[in-house]
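Below: one structure, written as structure tokens.
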Amino acid sequence: MTVTELVSYEDAMAAYEPVMGLEVHVELGTKTKMFCGCSTTLGAEPNAQTCPTCLGLPGSLPVVNATGVESAIKIGLALNCEIAEWCRFARKNYFYPDMPKNFQTSQYDEPIAFNGYLDVEVEGEIFRVEIERAHMEEDTGKSTHVGGATGRIQGASHSLLDYNRAGIPLIEIVTKPIVGAGEKAPEVAKAYVTELRELIKALGVSEARMEMGQMRCDVNLSLRPHGAEKFGTRSETKNVNSLRSVERAARFEIQRHAAVLGGGGTIIQETRHFHEEDGSTTPGRVKEEAEDYRYFPEPDLVPVAPSREWVEELRAGLPELPRVRRTRLREDWGISEHEMQSVLNAGAIDLISATIDAGAPADQARKWWMGELARRANEEGTELAALPITPEQIARVCALVKEGSLNDKLARQVIEGVLAGEGDPDTVVEKRGLKVVSDEGALGTAVDEAIAANAAIADKIRGGKVAAAGALVGAVMKATRGQADAARVRELILEKLGVEG
Amino acid sequence: MPGITREEVAHLARLARLELKDEELDHFAGQLDDIIGAVARVSEVADQDVPPTSHPLPLTNVMRPDEVRPSLTPQEALACAPAQEQQRFKVPQILGEE
């Protein structure tokens, strides 16, 4: 393998303009496969979710999943596409054991949705990404390569196939060449995939979890000298499976292409593999041209001709688009675009929104999810939404703080208890005895003791150094194990020392 | 001249993992040759103005509800596999050394 010395990103940009194409595969969340009634539930034992149709046995006949078609139309509409009045499936023929049929049922020159766009936001600016097409197809089986080093296909003695995934509905969404993004190309790529993922989730057609392979991205990239019309030769970096990786892969390829072209070399049209560890790409296979797949219309499936009534019904039922919703929520919550971006990146929009709906003030809801809980999720390497605490429980904690029975420190302990599985907030408060000490008698005693034990400080305060009261508040808080209302303690101290606050 | 030879039928049978006896090869070679001949006559008749037919029936939108139907058991699914391992279909080496 030849290692190309990269050129710096700035030097690459000085000489060339990047052109990108992004292909995203989304696994739909249907209950059954695209062309048969086999379940799509994850985690089944190998080959427990197959039938004659998805195994490609003779005499079996596929029938398309109505929800799969409906989801494809919804995605198309949300991407501002035209929806085909009539379209067919096609066989994409290839000889490889991940599809037992020796072909993948896909769509070729008649995609169900085409000519759309998705507006994405990069550093506060809107960039329009044009959509070439969105078409229906099916996923492949899962290969395990045996006998080689670290499960790689090279050098393996044989391979094992589990066809549970073969036939799960996929929607492939292809952009038109993205030009004019300039140095922001990698950020635009990431913003596009982020926005697309939000859109898919909002439509409810897939959970679009990239780490689970429910959404996968191929990054096609080429460079052309500034001012040139003609596109350069592209590379296709396959299966870039996180938002951060999409940006890194584009950036790496820009630097690599610039190095090859700048050294007088030519870019080979090939697929490339992305490596998470160092953000680099390495060559895969030399790319087949489309005709090598011998596409032809699938004779076993009849054409799909969505009626205009159905399409309009689906259009009318589309949810508020994520970008529009974000703008609305951002204004409601009174936060900056930058802060909203952090909330989006943390996957906290729905959680904060639900917490507010459950009665919490916006700033409090955001404070807990973006602070304590984001930290916990990060520590445990899990998604925020996967933490064992609900928006309703956070709202209850906020309510307890508001009515004065918890202070911030105690609230944090209550949340810790809920996360530890000790029950809902009220149960944790009860079990751990986490009530603010509001019994004035007990507090008064604690204050008296603190004053007696810190006579010098008390004298300073009497002498007008009100700021010194902090030390006495601290002493009382310590004595009450944090369970006192600090503001009330301060009032009591000043009152007893006869000083105006 | 379109058509199919006995050798080609034998090759196809091997690719399709069908075991054919000598007399069956003779029999099917003749029948397949007739079929290919008949199809060839269609292409003679069909001129540029006749669009290719992908589906003989005028049907559209045949769909099924998204409801799970029983699958085969893994044992049934693997019953005809020439080789299996770890409840998976075992296939020969795909790529050699790099």
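Convention: chains lettered A, B, ... in structure tokens order; per-chain residue numbering from 1; ligands numbered from 1 as shown.
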**Item:** Spatial neighbours of Glu7 of chain B, max dist 10 Å, only C-alpha atoms, sep filter under 5 positions, as number ranges by chain
**Value:** B: 12-13, 25-26, 29
Output N, CA and C atoms for every residue in that selection, as a short mmCIF file (atom, residue, chain, number, x, y, z; two decimals), in the first residue's frame.
data_model
loop_
_atom_site.label_atom_id
_atom_site.label_comp_id
_atom_site.auth_asym_id
_atom_site.auth_seq_id
_atom_site.Cartn_x
_atom_site.Cartn_y
_atom_site.Cartn_z
N LEU B 12 -25.25 -24.89 -17.72
CA LEU B 12 -26.28 -24.21 -16.94
C LEU B 12 -26.77 -25.08 -15.79
N ALA B 13 -26.95 -26.36 -16.07
CA ALA B 13 -27.43 -27.28 -15.04
C ALA B 13 -26.44 -27.33 -13.88
N LEU B 25 -30.62 -34.38 -20.49
CA LEU B 25 -29.90 -33.31 -21.19
C LEU B 25 -30.39 -33.20 -22.64
N ASP B 26 -30.53 -34.37 -23.29
CA ASP B 26 -31.03 -34.36 -24.69
C ASP B 26 -32.41 -33.75 -24.73
N ALA B 29 -32.39 -29.93 -23.77
CA ALA B 29 -31.69 -29.14 -24.79
C ALA B 29 -32.64 -28.86 -25.95
#
**All helix (DSSP H, G or I) positions in segment 237-341 of chain A, as a ChimeraX atom specification** = /A:243-262,290-293,308-316,322-333,337-341
**Item:** chain A residues near chain B (9 Å cut-off, only C-alpha atoms) as a PyMOL selection string
**Value:** chain A and resi 30-40+45-52+55+63-69+86+96-97+145+153-163+296-306
**Asked** as a PyMOL selection string, which residues of chain B does DSSP assign to strand (DSSP E or B)?
**Response** chain B and resi 63-64+84-85+88-92
Since we have the selection now, will you write its residues out, keeping C-alpha atoms, as a short mmCIF file (atom, residue, chain, number, x, y, z; two decimals), in the first residue's frame?
data_model
loop_
_atom_site.label_atom_id
_atom_site.label_comp_id
_atom_site.auth_asym_id
_atom_site.auth_seq_id
_atom_site.Cartn_x
_atom_site.Cartn_y
_atom_site.Cartn_z
CA MET B 63 -48.89 -4.50 -1.72
CA ARG B 64 -49.17 -6.32 1.58
CA GLN B 84 -23.21 -24.80 7.25
CA GLU B 85 -21.38 -23.69 10.37
CA ARG B 88 -25.00 -19.91 9.17
CA PHE B 89 -24.63 -20.69 5.49
CA LYS B 90 -21.01 -21.60 4.82
CA VAL B 91 -19.64 -20.33 1.52
CA PRO B 92 -16.25 -20.85 -0.11
#
**Message:** Excluding Gly262 of chain A and its own-chain neighbours fewer than 3 positions away, which residues fall within 9 Å of it when counting only C-alpha atoms? Please give them as an MDAnalysis selection string.
**Reply:** chainID A and resid 7 12 15 257:259 265
**Message:** I'd like the contact shell of Arg376 of chain A - 12 Å cut-off, only C-alpha atoms, skipping same-chain residues fewer than 3 positions apart - returned as a PyMOL selection string.
**Reply:** chain A and resi 368-373+379-389+412+415-416+419-420
